[in-house]
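The structure appears below as C-alpha cells.
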Amino acid sequence: MYLRRLPDRMMAYWKQLSQGDRLPDYARFRSEVIGDLWSHCFSLSVLPSGEAVSFVYDYVGPGVIEAYGEDVVGKLVSARARGGQGDNMTTKLENVTKSKKPLVEDGTFINRKGRAVKYRICILPFGGEKVTNLVVGMAWQAI
C-alpha cells in the first residue's frame, strides 16, 4: 500500500526543499508533488505567543478527517488547553516547532467517534528563523 512509504516520501520531499537550509520556506511547498498522499495530510500555522505555542489547522485531508472522526479545519490547538485527547499530538507538534527537525513516530488515539486509531505520522517543519508552518502526513488504521 502506498501509505506505508508516506514518511519516507514526505521526508525526501522536505530534504529536497531544504537544500541544506535548516528550514525550507513554506512558500516553496507544493502539495501536488505529494498529491497521492495529500488526502492523508494536514497543515497547521504556528501561532507563537510567549512561551506557549498554539497551532491552527489550515488544511485537513479527507483521510485525516476520517481518522479523527471530525473536520478540524480552523480549530485552535494550544499547549495551554491540556487534558484532552490531543495532548500527545500537541506535545509532538511543540517538540518539532522547538527542535526545527522533522519527526516520524507511531502512536494510538481514540477518535471523536470512540474508535481506536493506530497511526504513523511524519511532521515536517517549515519557516525561516522560526517554524511558521507544519505539514503532517498520517498513515492510519482502525484497531
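Following the order of the C-alpha cells, chains are lettered A, B, ..., residues in each are numbered from 1, and ligands are numbered from 1.
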Among the residues of chain A, find those DSSP assigns to alpha helix (DSSP H) from the backbone and print them as an MDAnalysis selection string. chainID A and resid 6:18 35:38 62:68 87:99
Give me, as a tab-separated table, the closest atom pair and its distance (Å, one decimal) for every residue of region 27-116 of chain A within a cut-off of 9 Å of region 7-13 of chain A, counting only C-alpha atoms, rows sorted by chain and rising number.
residue	atom	partner	partner_atom	distance
A:Val33	CA	A:Tyr13	CA	8.1
A:Ile34	CA	A:Met10	CA	7.4
A:Leu37	CA	A:Met10	CA	8.7
A:Pro102	CA	A:Met11	CA	7.7
A:Val104	CA	A:Pro7	CA	6.7
What would the file look like if the residues just selected were written as an mmCIF file, in the first residue's frame with C-alpha atoms?
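What landed in part-v1.cif:
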data_model
loop_
_atom_site.group_PDB
_atom_site.id
_atom_site.type_symbol
_atom_site.label_atom_id
_atom_site.label_comp_id
_atom_site.auth_asym_id
_atom_site.auth_seq_id
_atom_site.Cartn_x
_atom_site.Cartn_y
_atom_site.Cartn_z
ATOM 1 C CA VAL A 33 4.255 16.957 -5.530
ATOM 2 C CA ILE A 34 2.889 14.547 -2.918
ATOM 3 C CA LEU A 37 -0.553 11.447 -0.142
ATOM 4 C CA PRO A 102 11.183 16.540 11.276
ATOM 5 C CA VAL A 104 8.437 10.325 12.360
#
Do a neighbour search on region 56-60 of chain A at 6 Å with only C-alpha atoms, toss out local chain neighbours closer than 2 positions, and write the hits as a PDB file with all heavy atoms, in the first residue's frame.
ATOM      1  N   PHE A  42      -2.307  16.950   6.934  1.00  0.00           N
ATOM      2  CA  PHE A  42      -2.892  18.194   7.405  1.00  0.00           C
ATOM      3  C   PHE A  42      -1.777  19.207   7.570  1.00  0.00           C
ATOM      4  O   PHE A  42      -0.600  18.855   7.695  1.00  0.00           O
ATOM      5  CB  PHE A  42      -3.714  18.030   8.685  1.00  0.00           C
ATOM      6  CG  PHE A  42      -3.005  17.476   9.887  1.00  0.00           C
ATOM      7  CD1 PHE A  42      -2.423  18.311  10.826  1.00  0.00           C
ATOM      8  CD2 PHE A  42      -2.964  16.104  10.116  1.00  0.00           C
ATOM      9  CE1 PHE A  42      -1.796  17.805  11.953  1.00  0.00           C
ATOM     10  CE2 PHE A  42      -2.346  15.587  11.242  1.00  0.00           C
ATOM     11  CZ  PHE A  42      -1.754  16.432  12.164  1.00  0.00           C
ATOM     12  N   SER A  43      -2.156  20.479   7.502  1.00  0.00           N
ATOM     13  CA  SER A  43      -1.177  21.546   7.692  1.00  0.00           C
ATOM     14  C   SER A  43      -1.676  22.475   8.782  1.00  0.00           C
ATOM     15  O   SER A  43      -2.884  22.635   8.980  1.00  0.00           O
ATOM     16  CB  SER A  43      -0.933  22.316   6.392  1.00  0.00           C
ATOM     17  OG  SER A  43      -2.092  23.000   5.993  1.00  0.00           O
ATOM     18  N   LEU A  44      -0.704  23.038   9.484  1.00  0.00           N
ATOM     19  CA  LEU A  44      -1.007  23.926  10.591  1.00  0.00           C
ATOM     20  C   LEU A  44      -0.157  25.180  10.497  1.00  0.00           C
ATOM     21  O   LEU A  44       0.996  25.113  10.066  1.00  0.00           O
ATOM     22  CB  LEU A  44      -0.677  23.259  11.936  1.00  0.00           C
ATOM     23  CG  LEU A  44      -1.353  21.934  12.218  1.00  0.00           C
ATOM     24  CD1 LEU A  44      -0.326  20.852  12.382  1.00  0.00           C
ATOM     25  CD2 LEU A  44      -2.198  22.042  13.456  1.00  0.00           C
ATOM     26  N   SER A  45      -0.731  26.293  10.909  1.00  0.00           N
ATOM     27  CA  SER A  45       0.035  27.520  11.107  1.00  0.00           C
ATOM     28  C   SER A  45       0.452  27.554  12.563  1.00  0.00           C
ATOM     29  O   SER A  45      -0.314  27.162  13.449  1.00  0.00           O
ATOM     30  CB  SER A  45      -0.815  28.752  10.802  1.00  0.00           C
ATOM     31  OG  SER A  45      -1.107  28.825   9.436  1.00  0.00           O
ATOM     32  N   VAL A  73     -10.636  21.716  10.553  1.00  0.00           N
ATOM     33  CA  VAL A  73     -10.118  22.914   9.874  1.00  0.00           C
ATOM     34  C   VAL A  73     -10.536  24.151  10.665  1.00  0.00           C
ATOM     35  O   VAL A  73     -11.695  24.288  11.062  1.00  0.00           O
ATOM     36  CB  VAL A  73     -10.623  23.015   8.419  1.00  0.00           C
ATOM     37  CG1 VAL A  73     -10.289  24.372   7.819  1.00  0.00           C
ATOM     38  CG2 VAL A  73     -10.024  21.917   7.569  1.00  0.00           C
ATOM     39  N   GLY A  74      -9.568  25.026  10.933  1.00  0.00           N
ATOM     40  CA  GLY A  74      -9.833  26.247  11.681  1.00  0.00           C
ATOM     41  C   GLY A  74      -9.733  26.090  13.181  1.00  0.00           C
ATOM     42  O   GLY A  74      -9.737  27.078  13.917  1.00  0.00           O
ATOM     43  N   LYS A  75      -9.628  24.867  13.661  1.00  0.00           N
ATOM     44  CA  LYS A  75      -9.561  24.623  15.104  1.00  0.00           C
ATOM     45  C   LYS A  75      -8.202  25.035  15.655  1.00  0.00           C
ATOM     46  O   LYS A  75      -7.167  24.791  15.054  1.00  0.00           O
ATOM     47  CB  LYS A  75      -9.820  23.145  15.404  1.00  0.00           C
ATOM     48  CG  LYS A  75      -9.805  22.814  16.873  1.00  0.00           C
ATOM     49  CD  LYS A  75     -10.121  21.368  17.134  1.00  0.00           C
ATOM     50  CE  LYS A  75     -10.041  21.085  18.635  1.00  0.00           C
ATOM     51  NZ  LYS A  75     -10.259  19.687  18.934  1.00  0.00           N
ATOM     52  N   LEU A  76      -8.223  25.663  16.814  1.00  0.00           N
ATOM     53  CA  LEU A  76      -7.017  26.073  17.517  1.00  0.00           C
ATOM     54  C   LEU A  76      -6.568  24.945  18.436  1.00  0.00           C
ATOM     55  O   LEU A  76      -7.370  24.354  19.160  1.00  0.00           O
ATOM     56  CB  LEU A  76      -7.305  27.325  18.352  1.00  0.00           C
ATOM     57  CG  LEU A  76      -6.158  27.866  19.183  1.00  0.00           C
ATOM     58  CD1 LEU A  76      -5.072  28.455  18.288  1.00  0.00           C
ATOM     59  CD2 LEU A  76      -6.678  28.917  20.160  1.00  0.00           C
TER      60      LEU A  76
END
Please determine, counting only C-alpha atoms, which residue among A:Glu94, A:Lys15, A:Val64, A:Gly20 has the shortest atom-to-atom distance to His40 (chain A). A:Val64
Give me, as an MDAnalysis selection string, all polymer residues having an atom no more than 8 Å from region 68-70 of chain A, counting only C-alpha atoms and skipping those fewer than 5 positions away in the same chain. chainID A and resid 111:113
Show which residues sit within 9 Å of Ala142 (chain A), as a VMD selection string. Count only C-alpha atoms, and ignore same-chain residues fewer than 6 positions away. chain A and resid 67 115 to 119
Output for the residues just chosen: N, CA and C atoms as a PDB file, in the first residue's frame:
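The file below, out-v1.pdb, is the result:
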ATOM      1  N   ALA A  67      -9.940   9.609  10.111  1.00  0.00           N
ATOM      2  CA  ALA A  67      -9.205   9.106  11.282  1.00  0.00           C
ATOM      3  C   ALA A  67      -9.630   9.840  12.552  1.00  0.00           C
ATOM      4  N   ARG A 115     -13.517   5.401  18.203  1.00  0.00           N
ATOM      5  CA  ARG A 115     -12.708   4.364  17.547  1.00  0.00           C
ATOM      6  C   ARG A 115     -11.243   4.497  17.944  1.00  0.00           C
ATOM      7  N   ALA A 116     -10.608   3.355  18.194  1.00  0.00           N
ATOM      8  CA  ALA A 116      -9.168   3.340  18.440  1.00  0.00           C
ATOM      9  C   ALA A 116      -8.468   3.408  17.084  1.00  0.00           C
ATOM     10  N   VAL A 117      -7.478   4.289  16.991  1.00  0.00           N
ATOM     11  CA  VAL A 117      -6.754   4.510  15.739  1.00  0.00           C
ATOM     12  C   VAL A 117      -5.262   4.348  16.003  1.00  0.00           C
ATOM     13  N   LYS A 118      -4.640   3.492  15.206  1.00  0.00           N
ATOM     14  CA  LYS A 118      -3.187   3.329  15.241  1.00  0.00           C
ATOM     15  C   LYS A 118      -2.639   4.135  14.071  1.00  0.00           C
ATOM     16  N   TYR A 119      -1.610   4.946  14.324  1.00  0.00           N
ATOM     17  CA  TYR A 119      -1.127   5.830  13.268  1.00  0.00           C
ATOM     18  C   TYR A 119       0.398   5.868  13.214  1.00  0.00           C
TER      19      TYR A 119
END
Taking the backbone alone, and naming residues the way the document does, which bits of region 9-87 of chain A are strand (DSSP E or B) by DSSP, as number ranges by chain? A: 41-49, 52-60, 76-78
What would the file look like if the residues just selected were written as a compact mmCIF listing (two decimals), in the first residue's frame with all heavy atoms?
# COMPACT_ATOMS: atom_id res chain seq x y z
N CYS A 41 -2.92 14.08 4.78
CA CYS A 41 -2.09 15.09 5.44
C CYS A 41 -2.94 16.19 6.05
O CYS A 41 -4.11 16.32 5.73
CB CYS A 41 -1.14 15.74 4.42
SG CYS A 41 0.09 14.63 3.72
N PHE A 42 -2.31 16.95 6.93
CA PHE A 42 -2.89 18.19 7.40
C PHE A 42 -1.78 19.21 7.57
O PHE A 42 -0.60 18.85 7.69
CB PHE A 42 -3.71 18.03 8.68
CG PHE A 42 -3.00 17.48 9.89
CD1 PHE A 42 -2.42 18.31 10.83
CD2 PHE A 42 -2.96 16.10 10.12
CE1 PHE A 42 -1.80 17.80 11.95
CE2 PHE A 42 -2.35 15.59 11.24
CZ PHE A 42 -1.75 16.43 12.16
N SER A 43 -2.16 20.48 7.50
CA SER A 43 -1.18 21.55 7.69
C SER A 43 -1.68 22.48 8.78
O SER A 43 -2.88 22.64 8.98
CB SER A 43 -0.93 22.32 6.39
OG SER A 43 -2.09 23.00 5.99
N LEU A 44 -0.70 23.04 9.48
CA LEU A 44 -1.01 23.93 10.59
C LEU A 44 -0.16 25.18 10.50
O LEU A 44 1.00 25.11 10.07
CB LEU A 44 -0.68 23.26 11.94
CG LEU A 44 -1.35 21.93 12.22
CD1 LEU A 44 -0.33 20.85 12.38
CD2 LEU A 44 -2.20 22.04 13.46
N SER A 45 -0.73 26.29 10.91
CA SER A 45 0.04 27.52 11.11
C SER A 45 0.45 27.55 12.56
O SER A 45 -0.31 27.16 13.45
CB SER A 45 -0.82 28.75 10.80
OG SER A 45 -1.11 28.82 9.44
N VAL A 46 1.67 28.01 12.81
CA VAL A 46 2.18 28.13 14.18
C VAL A 46 1.94 29.55 14.65
O VAL A 46 2.31 30.51 13.97
CB VAL A 46 3.69 27.79 14.22
CG1 VAL A 46 4.23 27.93 15.63
CG2 VAL A 46 3.95 26.40 13.66
N LEU A 47 1.30 29.68 15.79
CA LEU A 47 0.98 30.98 16.37
C LEU A 47 1.73 31.14 17.68
O LEU A 47 1.20 30.82 18.75
CB LEU A 47 -0.53 31.10 16.62
CG LEU A 47 -1.45 30.80 15.44
CD1 LEU A 47 -2.90 30.77 15.90
CD2 LEU A 47 -1.24 31.82 14.35
N PRO A 48 2.97 31.62 17.64
CA PRO A 48 3.72 31.76 18.89
C PRO A 48 3.16 32.89 19.74
O PRO A 48 2.77 33.93 19.22
CB PRO A 48 5.13 32.07 18.42
CG PRO A 48 4.97 32.67 17.07
CD PRO A 48 3.72 32.07 16.49
N SER A 49 3.10 32.63 21.02
CA SER A 49 2.65 33.67 21.95
C SER A 49 3.39 33.44 23.27
O SER A 49 2.96 32.64 24.09
CB SER A 49 1.14 33.63 22.15
OG SER A 49 0.73 32.37 22.62
N ALA A 52 4.24 29.67 25.35
CA ALA A 52 3.30 28.67 24.83
C ALA A 52 3.16 28.83 23.32
O ALA A 52 3.21 29.93 22.80
CB ALA A 52 1.94 28.83 25.49
N VAL A 53 3.00 27.71 22.65
CA VAL A 53 2.82 27.72 21.21
C VAL A 53 1.42 27.20 20.91
O VAL A 53 0.97 26.24 21.52
CB VAL A 53 3.87 26.82 20.51
CG1 VAL A 53 3.66 26.81 19.01
CG2 VAL A 53 5.26 27.28 20.84
N SER A 54 0.75 27.85 19.98
CA SER A 54 -0.57 27.40 19.54
C SER A 54 -0.50 27.10 18.05
O SER A 54 0.38 27.62 17.35
CB SER A 54 -1.62 28.47 19.80
OG SER A 54 -1.73 28.74 21.17
N PHE A 55 -1.42 26.30 17.59
CA PHE A 55 -1.48 25.91 16.19
C PHE A 55 -2.91 26.03 15.69
O PHE A 55 -3.85 25.83 16.46
CB PHE A 55 -1.05 24.44 16.03
CG PHE A 55 0.26 24.12 16.68
CD1 PHE A 55 0.31 23.65 17.99
CD2 PHE A 55 1.45 24.28 16.00
CE1 PHE A 55 1.52 23.35 18.60
CE2 PHE A 55 2.67 23.98 16.59
CZ PHE A 55 2.70 23.52 17.90
N VAL A 56 -3.07 26.34 14.41
CA VAL A 56 -4.38 26.37 13.78
C VAL A 56 -4.33 25.44 12.58
O VAL A 56 -3.42 25.52 11.76
CB VAL A 56 -4.77 27.80 13.32
CG1 VAL A 56 -6.07 27.78 12.53
CG2 VAL A 56 -4.90 28.72 14.50
N TYR A 57 -5.33 24.57 12.48
CA TYR A 57 -5.43 23.67 11.33
C TYR A 57 -5.85 24.48 10.10
O TYR A 57 -6.92 25.05 10.08
CB TYR A 57 -6.48 22.59 11.56
CG TYR A 57 -6.05 21.49 12.51
CD1 TYR A 57 -6.32 21.57 13.86
CD2 TYR A 57 -5.41 20.36 12.01
CE1 TYR A 57 -5.95 20.54 14.73
CE2 TYR A 57 -5.03 19.33 12.88
CZ TYR A 57 -5.31 19.43 14.23
OH TYR A 57 -4.94 18.42 15.07
N ASP A 58 -4.97 24.53 9.08
CA ASP A 58 -5.27 25.24 7.83
C ASP A 58 -5.92 24.32 6.80
O ASP A 58 -6.78 24.75 6.04
CB ASP A 58 -3.99 25.80 7.21
CG ASP A 58 -3.31 26.81 8.11
OD1 ASP A 58 -4.02 27.63 8.72
OD2 ASP A 58 -2.08 26.78 8.20
N TYR A 59 -5.46 23.10 6.76
CA TYR A 59 -5.96 22.11 5.80
C TYR A 59 -6.00 20.77 6.51
O TYR A 59 -5.08 20.44 7.27
CB TYR A 59 -5.03 22.00 4.58
CG TYR A 59 -5.31 20.77 3.74
CD1 TYR A 59 -6.34 20.75 2.82
CD2 TYR A 59 -4.55 19.61 3.90
CE1 TYR A 59 -6.62 19.62 2.08
CE2 TYR A 59 -4.82 18.47 3.16
CZ TYR A 59 -5.85 18.48 2.25
OH TYR A 59 -6.13 17.35 1.53
N VAL A 60 -7.05 20.01 6.26
CA VAL A 60 -7.16 18.65 6.80
C VAL A 60 -7.73 17.78 5.68
O VAL A 60 -8.85 18.00 5.22
CB VAL A 60 -8.06 18.58 8.05
CG1 VAL A 60 -8.12 17.16 8.59
CG2 VAL A 60 -7.56 19.54 9.13
N LEU A 76 -8.22 25.66 16.81
CA LEU A 76 -7.02 26.07 17.52
C LEU A 76 -6.57 24.94 18.44
O LEU A 76 -7.37 24.35 19.16
CB LEU A 76 -7.30 27.32 18.35
CG LEU A 76 -6.16 27.87 19.18
CD1 LEU A 76 -5.07 28.45 18.29
CD2 LEU A 76 -6.68 28.92 20.16
N VAL A 77 -5.28 24.62 18.38
CA VAL A 77 -4.67 23.63 19.27
C VAL A 77 -3.64 24.38 20.09
O VAL A 77 -2.77 25.05 19.54
CB VAL A 77 -3.98 22.50 18.46
CG1 VAL A 77 -3.36 21.48 19.38
CG2 VAL A 77 -4.96 21.86 17.50
N SER A 78 -3.74 24.27 21.41
CA SER A 78 -2.87 25.06 22.27
C SER A 78 -2.30 24.22 23.40
O SER A 78 -2.98 23.35 23.95
CB SER A 78 -3.64 26.23 22.87
OG SER A 78 -2.85 26.92 23.80
Name the closest residue to Thr97 (chain A) among the candidates A:Gly114, A:Pro125, A:Phe109, A:Gly50; distances are taken between atoms, counting only C-alpha atoms.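 Checking each of A:Gly114, A:Pro125, A:Phe109, A:Gly50 against Thr97 (chain A), counting only C-alpha atoms, the winner is A:Pro125.
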Nearby residues (only C-alpha atoms) at most 10 Å from Arg120 (chain A), same-chain spacing under 2 positions excluded, as a ChimeraX atom specification: /A:3-4,6-7,104-108,118,122,137-141
Just how far from CA of Arg5 (chain A) is CA of Ile110 (chain A), in Å to one decimal?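 CA of Arg5 (chain A) lies 23.8 Å from CA of Ile110 (chain A).
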Which residues come within 10 Å of Lys101 (chain A), counting only C-alpha atoms, excluding same-chain residues fewer than 6 positions away, as a ChimeraX atom specification? /A:22-23,95,123-126,131
Restrict the selected residues to N, CA, C and O atoms and save them as a PDB file, in the first residue's frame.
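Done, and the output landed in again_21.pdb:
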ATOM      1  N   ARG A  22      18.399  25.070   7.046  1.00  0.00           N
ATOM      2  CA  ARG A  22      17.843  24.456   8.260  1.00  0.00           C
ATOM      3  C   ARG A  22      16.340  24.199   8.105  1.00  0.00           C
ATOM      4  O   ARG A  22      15.854  23.142   8.429  1.00  0.00           O
ATOM      5  N   LEU A  23      15.625  25.201   7.609  1.00  0.00           N
ATOM      6  CA  LEU A  23      14.178  25.049   7.408  1.00  0.00           C
ATOM      7  C   LEU A  23      13.796  25.504   6.007  1.00  0.00           C
ATOM      8  O   LEU A  23      14.138  26.616   5.611  1.00  0.00           O
ATOM      9  N   ASN A  95       7.337  19.876  20.090  1.00  0.00           N
ATOM     10  CA  ASN A  95       8.722  19.409  20.021  1.00  0.00           C
ATOM     11  C   ASN A  95       9.343  19.691  18.663  1.00  0.00           C
ATOM     12  O   ASN A  95      10.495  20.117  18.574  1.00  0.00           O
ATOM     13  N   ILE A 123       5.977  14.631  10.749  1.00  0.00           N
ATOM     14  CA  ILE A 123       5.754  16.061  10.971  1.00  0.00           C
ATOM     15  C   ILE A 123       6.931  16.828  10.376  1.00  0.00           C
ATOM     16  O   ILE A 123       8.081  16.600  10.768  1.00  0.00           O
ATOM     17  N   LEU A 124       6.633  17.715   9.440  1.00  0.00           N
ATOM     18  CA  LEU A 124       7.662  18.483   8.752  1.00  0.00           C
ATOM     19  C   LEU A 124       7.553  19.965   9.095  1.00  0.00           C
ATOM     20  O   LEU A 124       6.501  20.570   8.884  1.00  0.00           O
ATOM     21  N   PRO A 125       8.635  20.571   9.602  1.00  0.00           N
ATOM     22  CA  PRO A 125       8.618  21.999   9.922  1.00  0.00           C
ATOM     23  C   PRO A 125       9.018  22.861   8.730  1.00  0.00           C
ATOM     24  O   PRO A 125       9.864  22.474   7.919  1.00  0.00           O
ATOM     25  N   PHE A 126       8.403  24.023   8.628  1.00  0.00           N
ATOM     26  CA  PHE A 126       8.715  24.997   7.580  1.00  0.00           C
ATOM     27  C   PHE A 126       8.829  26.374   8.217  1.00  0.00           C
ATOM     28  O   PHE A 126       8.191  26.654   9.222  1.00  0.00           O
ATOM     29  N   VAL A 131       9.870  28.320  13.129  1.00  0.00           N
ATOM     30  CA  VAL A 131       8.897  27.475  12.443  1.00  0.00           C
ATOM     31  C   VAL A 131       7.586  28.251  12.343  1.00  0.00           C
ATOM     32  O   VAL A 131       7.066  28.740  13.352  1.00  0.00           O
TER      33      VAL A 131
END
Which of these, A:Leu103, A:Glu32, A:Ile65, A:Lys98, has the shortest distance to Glu129 (chain A) once you count only C-alpha atoms?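 Looking at the shortest contact to Glu129 (chain A), the residue is A:Lys98.
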Pairwise distance for CA of Lys100 (chain A) and CA of Phe29 (chain A), rounded to one decimal in Å: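 According to the coordinates, CA of Lys100 (chain A) and CA of Phe29 (chain A) are separated by 16.2 Å.
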